[in-house]
>>> print(open('run-v1.tsv').read())   # TSV, C-alpha atoms and all ligand atoms
chain	number	residue	atom	x	y	z
A	165	MET	CA	-9.97	-15.90	15.64
A	166	ALA	CA	-12.52	-13.27	16.48
A	167	ARG	CA	-12.83	-10.41	14.08
A	168	GLN	CA	-10.72	-7.40	15.17
A	169	ILE	CA	-12.62	-4.17	15.54
A	170	ALA	CA	-11.59	-0.59	16.30
A	171	ILE	CA	-13.84	2.15	17.58
A	172	GLY	CA	-13.18	5.34	15.62
A	173	VAL	CA	-14.42	8.62	17.08
A	174	ASP	CA	-14.45	11.90	15.16
A	175	ILE	CA	-14.84	14.80	17.60
A	176	GLY	CA	-15.90	18.02	15.91
A	177	GLY	CA	-17.26	21.36	17.07
A	178	THR	CA	-20.85	20.53	16.01
A	179	LYS	CA	-21.02	16.71	15.87
A	180	ILE	CA	-19.35	13.71	17.46
A	181	ALA	CA	-19.47	10.75	15.06
A	182	ALA	CA	-18.24	7.28	15.93
A	183	ALA	CA	-18.27	3.81	14.45
A	184	THR	CA	-17.05	0.28	14.99
A	185	VAL	CA	-14.85	-0.61	12.04
A	186	ASP	CA	-13.14	-3.86	11.11
A	187	ILE	CA	-9.62	-4.06	9.75
A	188	GLU	CA	-10.91	-4.02	6.14
A	189	GLY	CA	-12.61	-0.68	6.78
A	190	ARG	CA	-16.17	-2.01	6.98
A	191	MET	CA	-18.32	0.05	9.32
A	192	LEU	CA	-20.34	-2.34	11.48
A	193	SER	CA	-22.30	0.15	13.57
A	194	SER	CA	-22.23	3.90	13.85
A	195	LEU	CA	-23.63	6.72	15.96
A	196	LYS	CA	-23.69	10.47	15.64
A	197	ILE	CA	-24.64	13.02	18.29
A	198	ASP	CA	-24.56	16.80	18.62
A	199	THR	CA	-21.46	18.00	20.46
A	200	PRO	CA	-22.76	19.33	23.77
A	201	GLY	CA	-22.16	22.99	24.48
A	202	GLY	CA	-20.66	23.76	27.88
A	203	THR	CA	-17.48	22.61	29.52
A	204	SER	CA	-14.80	20.13	28.47
A	205	ASP	CA	-16.25	17.72	31.08
A	206	ASP	CA	-19.57	17.69	29.21
A	207	VAL	CA	-17.82	16.84	25.94
A	208	VAL	CA	-15.67	14.15	27.61
A	209	THR	CA	-18.82	12.60	29.13
A	210	ALA	CA	-20.51	12.57	25.70
A	211	ILE	CA	-17.45	10.88	24.16
A	212	GLY	CA	-17.51	8.28	26.94
A	213	ASP	CA	-21.23	7.58	26.37
A	214	ILE	CA	-20.90	7.13	22.62
A	215	VAL	CA	-17.88	4.80	23.00
A	216	LYS	CA	-19.71	2.79	25.67
A	217	ARG	CA	-22.74	2.25	23.41
A	218	LEU	CA	-20.55	1.16	20.48
A	219	ASN	CA	-18.43	-1.07	22.69
A	220	GLU	CA	-21.59	-2.87	23.84
A	221	SER	CA	-22.90	-3.20	20.29
A	222	ALA	CA	-19.57	-4.74	19.24
A	223	LEU	CA	-19.77	-7.58	21.77
A	224	ASN	CA	-21.53	-9.86	19.29
A	225	THR	CA	-19.52	-8.97	16.20
A	226	GLY	CA	-15.91	-9.26	17.29
A	227	GLU	CA	-13.19	-8.12	19.59
A	228	VAL	CA	-12.58	-4.41	20.16
A	229	VAL	CA	-8.81	-3.95	20.08
A	230	GLY	CA	-8.65	-0.21	20.60
A	231	ILE	CA	-10.14	3.25	20.38
A	232	GLY	CA	-9.05	5.98	17.97
A	233	LEU	CA	-9.87	9.61	18.67
A	234	GLY	CA	-9.76	12.33	16.04
A	235	VAL	CA	-9.88	15.93	17.21
A	236	ALA	CA	-9.91	19.17	15.26
A	237	GLY	CA	-7.09	21.10	16.85
A	238	THR	CA	-3.49	20.97	17.95
A	239	ILE	CA	-2.38	17.71	19.51
A	240	ASN	CA	0.66	16.79	21.52
A	241	TRP	CA	1.02	13.25	20.20
A	242	LYS	CA	3.39	11.83	22.82
A	243	GLU	CA	1.45	13.20	25.79
A	244	GLY	CA	-1.99	12.46	24.34
A	245	LEU	CA	-2.86	16.06	24.96
A	246	VAL	CA	-5.32	18.26	23.10
A	247	VAL	CA	-3.35	21.49	23.31
A	248	GLN	CA	-5.93	23.70	21.67
A	249	SER	CA	-9.04	23.29	19.60
A	250	PRO	CA	-10.72	26.17	17.78
A	251	ASN	CA	-14.29	24.81	18.08
A	252	LEU	CA	-14.15	22.72	21.25
A	253	PRO	CA	-13.72	23.77	24.91
A	254	PHE	CA	-10.43	21.84	25.12
A	255	SER	CA	-7.25	23.43	26.39
A	256	ASN	CA	-4.44	21.11	27.54
A	257	ILE	CA	-6.80	18.17	28.16
A	258	ARG	CA	-5.28	14.67	28.51
A	259	LEU	CA	-8.07	13.21	26.46
A	260	ARG	CA	-6.26	10.03	25.42
A	261	SER	CA	-5.55	8.80	28.96
A	262	ILE	CA	-9.01	9.83	30.18
A	263	VAL	CA	-10.66	7.59	27.56
A	264	GLU	CA	-8.06	4.84	27.95
A	265	SER	CA	-8.55	4.53	31.71
A	266	LYS	CA	-12.33	4.61	31.37
A	267	PHE	CA	-12.46	1.60	29.02
A	268	GLY	CA	-9.19	-0.22	29.64
A	269	LEU	CA	-8.63	-0.36	25.88
A	270	SER	CA	-5.58	0.88	23.97
A	271	THR	CA	-6.43	4.41	22.92
A	272	PHE	CA	-4.76	6.65	20.35
A	273	MET	CA	-5.45	10.22	19.36
A	274	ASP	CA	-4.50	12.48	16.49
A	275	ASN	CA	-5.82	15.53	14.70
A	276	ASP	CA	-8.48	15.33	12.03
A	277	GLY	CA	-6.22	16.31	9.13
A	278	ASN	CA	-3.73	13.54	9.88
A	279	LEU	CA	-6.51	11.00	10.32
A	280	ALA	CA	-8.35	11.90	7.12
A	281	THR	CA	-5.08	11.29	5.28
A	282	LEU	CA	-4.42	8.01	7.11
A	283	GLY	CA	-8.00	6.90	6.35
A	284	GLU	CA	-7.46	7.53	2.63
A	285	LYS	CA	-4.24	5.49	2.78
A	286	TYR	CA	-5.94	2.53	4.47
A	287	TYR	CA	-9.40	2.55	2.91
A	288	GLY	CA	-9.66	5.24	0.26
A	289	ALA	CA	-8.06	6.96	-2.72
A	290	ALA	CA	-4.47	6.55	-1.49
A	291	ARG	CA	-4.41	2.77	-0.96
A	292	GLY	CA	-0.98	1.37	-1.81
A	293	ALA	CA	0.78	4.75	-1.90
A	294	ARG	CA	3.68	5.49	0.47
A	295	ASN	CA	4.19	9.23	0.08
A	296	ILE	CA	0.95	11.12	0.35
A	297	ILE	CA	-0.19	14.67	1.07
A	298	GLY	CA	-3.81	14.91	2.19
A	299	LEU	CA	-5.63	18.23	2.08
A	300	THR	CA	-9.12	18.67	3.54
A	301	LEU	CA	-10.63	21.82	2.06
A	302	GLY	CA	-13.31	23.18	4.36
A	303	THR	CA	-13.59	26.60	5.95
A	304	GLY	CA	-9.83	26.27	6.36
A	305	ILE	CA	-7.43	23.55	5.23
A	306	GLY	CA	-6.69	20.46	7.32
A	307	ALA	CA	-3.70	18.43	6.20
A	308	GLY	CA	-1.69	15.29	6.75
A	309	ILE	CA	1.66	14.04	5.48
A	310	ILE	CA	2.39	10.34	4.97
A	311	PHE	CA	6.14	10.08	4.63
A	312	ASP	CA	7.50	6.73	3.44
A	313	GLY	CA	4.39	4.92	4.67
A	314	CYS	CA	4.09	6.63	8.08
A	315	LEU	CA	2.32	9.71	9.31
A	316	TYR	CA	4.89	12.46	9.76
A	317	ARG	CA	4.16	14.13	13.10
A	318	GLY	CA	7.23	16.25	13.87
A	319	ALA	CA	8.66	16.89	17.34
A	320	THR	CA	5.39	17.30	19.23
A	321	GLY	CA	2.76	15.96	16.83
A	322	SER	CA	1.77	19.27	15.34
A	323	ALA	CA	3.49	18.99	11.95
A	324	ALA	CA	1.61	19.24	8.66
A	325	GLU	CA	0.02	22.63	9.30
A	326	ILE	CA	0.11	23.08	5.55
A	327	GLY	CA	-2.97	25.32	5.78
A	328	HIS	CA	-0.80	27.94	7.47
A	329	MET	CA	1.99	27.88	4.91
A	330	VAL	CA	2.25	31.50	3.77
A	331	ILE	CA	1.74	31.75	0.03
A	332	GLN	CA	0.93	35.47	-0.31
A	333	ALA	CA	2.92	37.38	2.31
A	334	THR	CA	0.88	40.58	1.87
A	335	GLY	CA	-2.44	38.73	1.63
A	336	PRO	CA	-5.45	38.89	3.97
A	337	GLN	CA	-5.01	38.12	7.66
A	338	CYS	CA	-5.63	34.53	8.71
A	339	THR	CA	-7.37	33.34	11.90
A	340	CYS	CA	-3.89	32.28	13.14
A	341	GLY	CA	-2.72	35.92	13.08
A	342	SER	CA	-0.41	35.58	10.09
A	343	TYR	CA	-1.11	36.87	6.58
A	344	GLY	CA	-1.82	35.17	3.28
A	345	CYS	CA	-1.84	31.62	4.65
A	346	PHE	CA	-2.69	28.86	2.18
A	347	GLU	CA	-6.10	28.33	3.83
A	348	GLU	CA	-6.83	32.04	3.73
A	349	MET	CA	-6.25	32.05	-0.04
A	350	ALA	CA	-7.55	28.68	-1.23
A	351	ALA	CA	-10.37	27.40	1.02
A	352	GLY	CA	-13.90	28.24	2.14
A	353	ARG	CA	-13.26	31.67	3.62
A	354	ALA	CA	-11.52	32.77	0.43
A	355	LEU	CA	-14.30	31.32	-1.72
A	356	LEU	CA	-16.97	33.34	0.09
A	357	ARG	CA	-14.87	36.50	0.23
A	358	LEU	CA	-14.23	36.36	-3.51
A	359	ALA	CA	-17.78	35.41	-4.46
A	360	LYS	CA	-19.19	38.32	-2.45
A	361	GLU	CA	-16.71	40.73	-4.04
A	362	LYS	CA	-17.34	39.54	-7.57
A	363	VAL	CA	-21.14	39.59	-7.45
A	364	LYS	CA	-20.91	43.29	-6.58
A	365	GLN	CA	-19.42	43.83	-10.03
A	366	ASN	CA	-21.74	41.40	-11.74
A	367	ARG	CA	-25.28	41.58	-10.39
A	368	GLU	CA	-26.44	39.19	-13.13
A	369	SER	CA	-24.50	36.28	-11.63
A	370	LEU	CA	-26.41	33.09	-10.93
A	371	ILE	CA	-24.67	33.01	-7.53
A	372	LEU	CA	-26.65	36.07	-6.49
A	373	GLU	CA	-29.88	34.57	-7.82
A	374	LEU	CA	-29.28	31.37	-5.82
A	375	ALA	CA	-28.66	33.54	-2.74
A	376	GLY	CA	-32.07	35.19	-3.15
A	377	GLY	CA	-30.50	38.46	-4.33
A	378	ASP	CA	-28.56	39.06	-1.12
A	379	ALA	CA	-24.79	38.54	-1.18
A	380	LYS	CA	-24.80	37.93	2.59
A	381	ASN	CA	-26.63	34.61	2.01
A	382	ILE	CA	-24.01	33.17	-0.37
A	383	THR	CA	-22.75	29.72	0.63
A	384	GLY	CA	-20.03	27.51	-0.82
A	385	PRO	CA	-22.47	24.99	-2.35
A	386	MET	CA	-24.24	27.90	-4.15
A	387	VAL	CA	-20.99	28.94	-5.80
A	388	THR	CA	-20.36	25.31	-6.79
A	389	GLU	CA	-23.87	24.94	-8.21
A	390	ALA	CA	-23.53	28.17	-10.21
A	391	GLY	CA	-20.13	27.02	-11.49
A	392	GLN	CA	-21.53	23.67	-12.58
A	393	MET	CA	-24.17	25.55	-14.56
A	394	GLY	CA	-21.46	27.56	-16.31
A	395	ASP	CA	-21.93	30.89	-14.52
A	396	LYS	CA	-19.00	33.10	-15.49
A	397	THR	CA	-18.61	34.79	-12.09
A	398	ALA	CA	-18.51	31.43	-10.32
A	399	LEU	CA	-15.97	30.12	-12.83
A	400	ASP	CA	-13.83	33.22	-12.17
A	401	VAL	CA	-14.01	32.54	-8.42
A	402	PHE	CA	-12.94	28.91	-8.89
A	403	GLY	CA	-10.24	29.99	-11.34
A	404	GLU	CA	-8.72	32.24	-8.69
A	405	ILE	CA	-9.14	29.80	-5.77
A	406	GLY	CA	-7.78	27.00	-7.97
A	407	PHE	CA	-4.77	29.13	-8.85
A	408	TRP	CA	-3.84	29.56	-5.18
A	409	LEU	CA	-4.59	25.91	-4.48
A	410	GLY	CA	-2.18	25.05	-7.28
A	411	ILE	CA	0.50	27.35	-5.81
A	412	GLY	CA	0.21	25.64	-2.42
A	413	ILE	CA	0.22	22.15	-3.93
A	414	ASN	CA	3.22	23.13	-6.06
A	415	ASN	CA	5.12	23.92	-2.85
A	416	VAL	CA	4.30	20.63	-1.14
A	417	ILE	CA	5.07	18.61	-4.27
A	418	ASN	CA	8.47	20.30	-4.53
A	419	ILE	CA	9.23	19.67	-0.84
A	420	PHE	CA	7.88	16.14	-0.35
A	421	ASN	CA	7.92	14.55	-3.81
A	422	PRO	CA	4.66	12.65	-3.10
A	423	GLU	CA	3.03	10.11	-5.40
A	424	LEU	CA	-0.38	11.42	-4.47
A	425	VAL	CA	-2.03	14.61	-3.33
A	426	VAL	CA	-5.53	13.73	-2.10
A	427	ILE	CA	-8.10	16.52	-1.97
A	428	GLY	CA	-11.11	16.07	0.33
A	429	GLY	CA	-13.53	18.18	2.35
A	430	GLY	CA	-16.62	20.08	1.33
A	431	MET	CA	-14.84	22.06	-1.37
A	432	GLY	CA	-13.69	18.82	-2.96
A	433	ASP	CA	-17.31	18.63	-4.20
A	434	ALA	CA	-16.42	21.33	-6.71
A	435	GLY	CA	-14.22	18.69	-8.37
A	436	GLU	CA	-12.74	19.77	-11.69
A	437	LEU	CA	-14.00	23.35	-11.25
A	438	ILE	CA	-11.22	23.81	-8.73
A	439	LEU	CA	-8.80	21.04	-9.74
A	440	SER	CA	-8.34	21.97	-13.36
A	441	PRO	CA	-6.98	25.51	-12.69
A	442	SER	CA	-4.76	23.96	-9.98
A	443	ARG	CA	-3.34	21.37	-12.34
A	444	LYS	CA	-2.52	24.13	-14.83
A	445	VAL	CA	-0.41	25.97	-12.23
A	446	ILE	CA	1.32	22.75	-11.16
A	447	ASP	CA	2.07	21.92	-14.77
A	448	GLU	CA	3.55	25.38	-15.35
A	449	ARG	CA	5.56	25.78	-12.15
A	450	THR	CA	6.42	22.55	-10.34
A	451	LEU	CA	9.83	20.95	-10.74
A	452	HIS	CA	10.67	17.87	-12.77
A	453	PRO	CA	10.61	15.03	-11.92
A	454	ASN	CA	8.38	15.79	-8.91
A	455	LYS	CA	5.42	16.88	-10.99
A	456	ASP	CA	5.64	13.87	-13.29
A	457	VAL	CA	4.91	11.40	-10.50
A	458	ALA	CA	2.55	13.47	-8.33
A	459	GLU	CA	-1.08	12.77	-9.09
A	460	VAL	CA	-3.72	15.14	-7.69
A	461	VAL	CA	-6.89	13.16	-6.96
A	462	LEU	CA	-10.15	13.56	-5.07
A	463	ALA	CA	-10.62	11.79	-1.74
A	464	ASP	CA	-12.87	8.71	-1.56
A	465	LEU	CA	-14.16	8.63	1.99
A	466	GLY	CA	-16.29	11.80	2.06
A	467	ASN	CA	-17.72	12.61	5.46
A	468	GLN	CA	-16.69	9.19	6.80
A	469	ALA	CA	-13.01	10.15	6.56
A	470	GLY	CA	-12.94	11.15	10.24
A	471	VAL	CA	-14.24	7.93	11.81
A	472	LEU	CA	-12.49	5.63	9.33
A	473	GLY	CA	-9.22	7.52	9.82
A	474	ALA	CA	-9.57	7.26	13.62
A	475	ALA	CA	-10.13	3.48	13.29
A	476	ALA	CA	-7.19	3.20	10.88
A	477	LEU	CA	-5.02	4.89	13.53
A	478	VAL	CA	-5.75	2.03	15.93
A	479	PHE	CA	-4.80	-0.68	13.42
A	480	ASP	CA	-1.78	1.36	12.30
A	481	GLU	CA	-0.45	1.80	15.83
A	482	LEU	CA	-1.11	-1.78	16.91
A	483	SER	CA	0.68	-3.14	13.85
A	484	THR	CA	3.93	-1.30	14.64
A	501	ZN	ZN	-2.82	30.94	9.17
>>> encode(input="run-v1.tsv", output="structure tokens")
Amino acid sequence: MARQIAIGVDIGGTKIAAATVDIEGRMLSSLKIDTPGGTSDDVVTAIGDIVKRLNESALNTGEVVGIGLGVAGTINWKEGLVVQSPNLPFSNIRLRSIVESKFGLSTFMDNDGNLATLGEKYYGAARGARNIIGLTLGTGIGAGIIFDGCLYRGATGSAAEIGHMVIQATGPQCTCGSYGCFEEMAAGRALLRLAKEKVKQNRESLILELAGGDAKNITGPMVTEAGQMGDKTALDVFGEIGFWLGIGINNVINIFNPELVVIGGGMGDAGELILSPSRKVIDERTLHPNKDVAEVVLADLGNQAGVLGAAALVFDELST
């Protein structure tokens, strides 16, 4: 029997990455292009081109059984609709059927948070687990819920907006319009806000030195680097971010009783700097027996989570 291959496509605001992936999660060929500026038609054309090139490259290696599309944004799962995407010119686009009719291959689509979590279940840190919460810590927080082995999508496919769970009702305003959302307290925007505030009080901080003396230039990786070198201001920042991360994780552990909480995304690079204050909060506040079984671990797939998750979606859907 020919090897079964899925084409996974990760459609982001700056890059479109895609790969042919076999059922074991081996990437056979991959491509990455800049997301074209302009209209939704331009982006759809670029997606079509990249899938076409991969489909041709797969002809010698096996049989392409389907296409998986991952999009940052709100998805209507049943309709295959991208309802809204913060960084792409998509508004109520039937992306799934457009791609499906172009290639005549079974096509599935989900949001990036769900797919990163599914990818970790199939090929990464969550292999073998059946109840999983995935959190992708970037500028905001993407998330996915695997509930008794299956992605939990809710009524329209837009469940798992854990990033917009309110954890500090009088906190800073979030991009969604609400206040004190999890992602506004515990992800990239909070990290930069706090670091900029704290270096004002401590001009000696290594963070400021790494930023060339100007707080405006501070980036997340600079705060991580300073923290890894033991800089007190950076450790304070991670202590506070980790506290709020722990509060949010405490809530999801109490609600879902998962075996695993998988932390990925750029801020996952901070590793124990952020995880150890989180674990302290979970240990102090989360209910028994939920906290005894819930392990908080780092994701495995790094920046391949998107394409591998999109490919996993194809195998997952075709197997059910
Ligand atoms: Zn929000």
>>> closest_residue(input="run-v1.tsv", among="A:Met431, A:Glu404, A:Gly226, A:Lys196", to="Asp213 (chain A)", atoms="only C-alpha atoms")
A:Lys196
>>> residues_near_ligand(input="run-v1.tsv", ligand="ligand ZN 501 (chain A)", cutoff="8 Å", atoms="all atoms listed in the file", output="list in words")
Gly327, His328, Met329, Val330, Gln337, Cys338, Thr339, Cys340, Gly341, Ser342, Tyr343, Gly344, Cys345, Phe346, Glu347 and Glu348 of chain A
>>> residues_around(input="run-v1.tsv", residues="region 468-479 of chain A", least_positions_apart="6", cutoff="10 Å", atoms="only C-alpha atoms", output="PyMOL selection string")
chain A and resi 168-176+180-191+194+229-236+270-288+300+315+428-429
>>> atom_distance(input="run-v1.tsv", atom1="CA of Asn467 (chain A)", atom2="CA of Arg291 (chain A)")
17.8 Å
>>> residues_around(input="run-v1.tsv", residues="Thr303 (chain A)", least_positions_apart="3", cutoff="7 Å", atoms="all atoms listed in the file", output="PDB file with C-alpha atoms, keeping the file's coordinate frame")
ATOM      1  CA  ALA A 351     -10.370  27.400   1.020  1.00  0.00           C
ATOM      2  CA  GLY A 352     -13.900  28.240   2.140  1.00  0.00           C
ATOM      3  CA  ARG A 353     -13.260  31.670   3.620  1.00  0.00           C
TER       4      ARG A 353
END
>>> atom_distance(input="run-v1.tsv", atom1="CA of Gly201 (chain A)", atom2="CA of Glu220 (chain A)")
25.9 Å
>>> residues_near_point(input="run-v1.tsv", point="(5.7, 31.1, -7.7)", cutoff="9 Å", atoms="only C-alpha atoms", output="list in words")
Ile331, Ile411, Asn414, Asn415, Arg449 and Thr450 of chain A
>>> write_last_selection(input="run-v1.tsv", atoms="C-alpha atoms", output="PDB file, in the coordinates of the input")
ATOM      1  CA  ILE A 331       1.740  31.750   0.030  1.00  0.00           C
ATOM      2  CA  ILE A 411       0.500  27.350  -5.810  1.00  0.00           C
ATOM      3  CA  ASN A 414       3.220  23.130  -6.060  1.00  0.00           C
ATOM      4  CA  ASN A 415       5.120  23.920  -2.850  1.00  0.00           C
ATOM      5  CA  ARG A 449       5.560  25.780 -12.150  1.00  0.00           C
ATOM      6  CA  THR A 450       6.420  22.550 -10.340  1.00  0.00           C
TER       7      THR A 450
END
>>> axis_aligned_box(input="run-v1.tsv", around="region 419-422 of chain A", padding_each_side="5 Å", output="AutoDock Vina command-line options")
--center_x 6.9 --center_y 16.2 --center_z -2.1 --size_x 14.6 --size_y 17.0 --size_z 13.5
>>> residues_near_point(input="run-v1.tsv", point="(-5.1, 9.4, 24.6)", cutoff="7 Å", atoms="only C-alpha atoms", output="PyMOL selection string")
chain A and resi 244+258-264+271-273
>>> atom_distance(input="run-v1.tsv", atom1="CA of Thr383 (chain A)", atom2="CA of Ile309 (chain A)")
29.4 Å
>>> residues_around(input="run-v1.tsv", residues="Ile296 (chain A)", least_positions_apart="6", cutoff="8 Å", atoms="only C-alpha atoms", output="PyMOL selection string")
chain A and resi 281+290+309-311+422-426
>>> closest_residue(input="run-v1.tsv", among="A:Cys314, A:Leu252, A:Val401, A:Ile371", to="Ser483 (chain A)", atoms="all atoms listed in the file")
A:Cys314
>>> closest_residue(input="run-v1.tsv", among="A:Thr484, A:Ser265, A:Gln332, A:Ser193", to="Ala222 (chain A)", atoms="all atoms listed in the file")
A:Ser193
>>> residues_around(input="run-v1.tsv", residues="Asp378 (chain A)", least_positions_apart="2", cutoff="12 Å", atoms="all atoms listed in the file", output="number ranges by chain")
A: 359-360, 363-364, 367, 369-376, 380-383
>>> closest_residue(input="run-v1.tsv", among="A:Gly298, A:Pro250, A:Gly237, A:Gly394", to="Ile326 (chain A)", atoms="all atoms listed in the file")
A:Gly298
>>> closest_residue(input="run-v1.tsv", among="A:Thr334, A:Thr203, A:Asn240, A:Asn366", to="Gly318 (chain A)", atoms="all atoms listed in the file")
A:Asn240
>>> closest_residue(input="run-v1.tsv", among="A:Thr199, A:Phe267, A:Ile239, A:Ala350", to="Leu301 (chain A)", atoms="only C-alpha atoms")
A:Ala350
>>> build_atoms(input="run-v1.tsv", residues="region 286-297 of chain A", atoms="N, CA and C atoms", output="PDB file, keeping the file's coordinate frame")
ATOM      1  N   TYR A 286      -5.475   3.869   4.124  1.00  0.00           N
ATOM      2  CA  TYR A 286      -5.940   2.530   4.470  1.00  0.00           C
ATOM      3  C   TYR A 286      -7.133   2.081   3.623  1.00  0.00           C
ATOM      4  N   TYR A 287      -8.098   2.988   3.453  1.00  0.00           N
ATOM      5  CA  TYR A 287      -9.400   2.550   2.910  1.00  0.00           C
ATOM      6  C   TYR A 287      -9.874   3.349   1.702  1.00  0.00           C
ATOM      7  N   GLY A 288      -9.117   4.337   1.269  1.00  0.00           N
ATOM      8  CA  GLY A 288      -9.660   5.240   0.260  1.00  0.00           C
ATOM      9  C   GLY A 288      -8.790   5.408  -0.969  1.00  0.00           C
ATOM     10  N   ALA A 289      -8.689   6.648  -1.424  1.00  0.00           N
ATOM     11  CA  ALA A 289      -8.060   6.960  -2.720  1.00  0.00           C
ATOM     12  C   ALA A 289      -6.556   6.759  -2.732  1.00  0.00           C
ATOM     13  N   ALA A 290      -5.940   6.619  -1.548  1.00  0.00           N
ATOM     14  CA  ALA A 290      -4.470   6.550  -1.490  1.00  0.00           C
ATOM     15  C   ALA A 290      -3.968   5.155  -1.133  1.00  0.00           C
ATOM     16  N   ARG A 291      -4.835   4.136  -1.271  1.00  0.00           N
ATOM     17  CA  ARG A 291      -4.410   2.770  -0.960  1.00  0.00           C
ATOM     18  C   ARG A 291      -3.167   2.392  -1.776  1.00  0.00           C
ATOM     19  N   GLY A 292      -2.173   1.834  -1.101  1.00  0.00           N
ATOM     20  CA  GLY A 292      -0.980   1.370  -1.810  1.00  0.00           C
ATOM     21  C   GLY A 292       0.098   2.433  -1.964  1.00  0.00           C
ATOM     22  N   ALA A 293      -0.239   3.708  -1.758  1.00  0.00           N
ATOM     23  CA  ALA A 293       0.780   4.750  -1.900  1.00  0.00           C
ATOM     24  C   ALA A 293       1.579   4.895  -0.607  1.00  0.00           C
ATOM     25  N   ARG A 294       2.825   5.355  -0.718  1.00  0.00           N
ATOM     26  CA  ARG A 294       3.680   5.490   0.470  1.00  0.00           C
ATOM     27  C   ARG A 294       4.043   6.926   0.814  1.00  0.00           C
ATOM     28  N   ASN A 295       3.895   7.811  -0.167  1.00  0.00           N
ATOM     29  CA  ASN A 295       4.190   9.230   0.080  1.00  0.00           C
ATOM     30  C   ASN A 295       2.992  10.042  -0.377  1.00  0.00           C
ATOM     31  N   ILE A 296       2.267  10.546   0.626  1.00  0.00           N
ATOM     32  CA  ILE A 296       0.950  11.120   0.350  1.00  0.00           C
ATOM     33  C   ILE A 296       0.798  12.457   1.090  1.00  0.00           C
ATOM     34  N   ILE A 297       0.238  13.438   0.405  1.00  0.00           N
ATOM     35  CA  ILE A 297      -0.190  14.670   1.070  1.00  0.00           C
ATOM     36  C   ILE A 297      -1.709  14.690   1.005  1.00  0.00           C
TER      37      ILE A 297
END
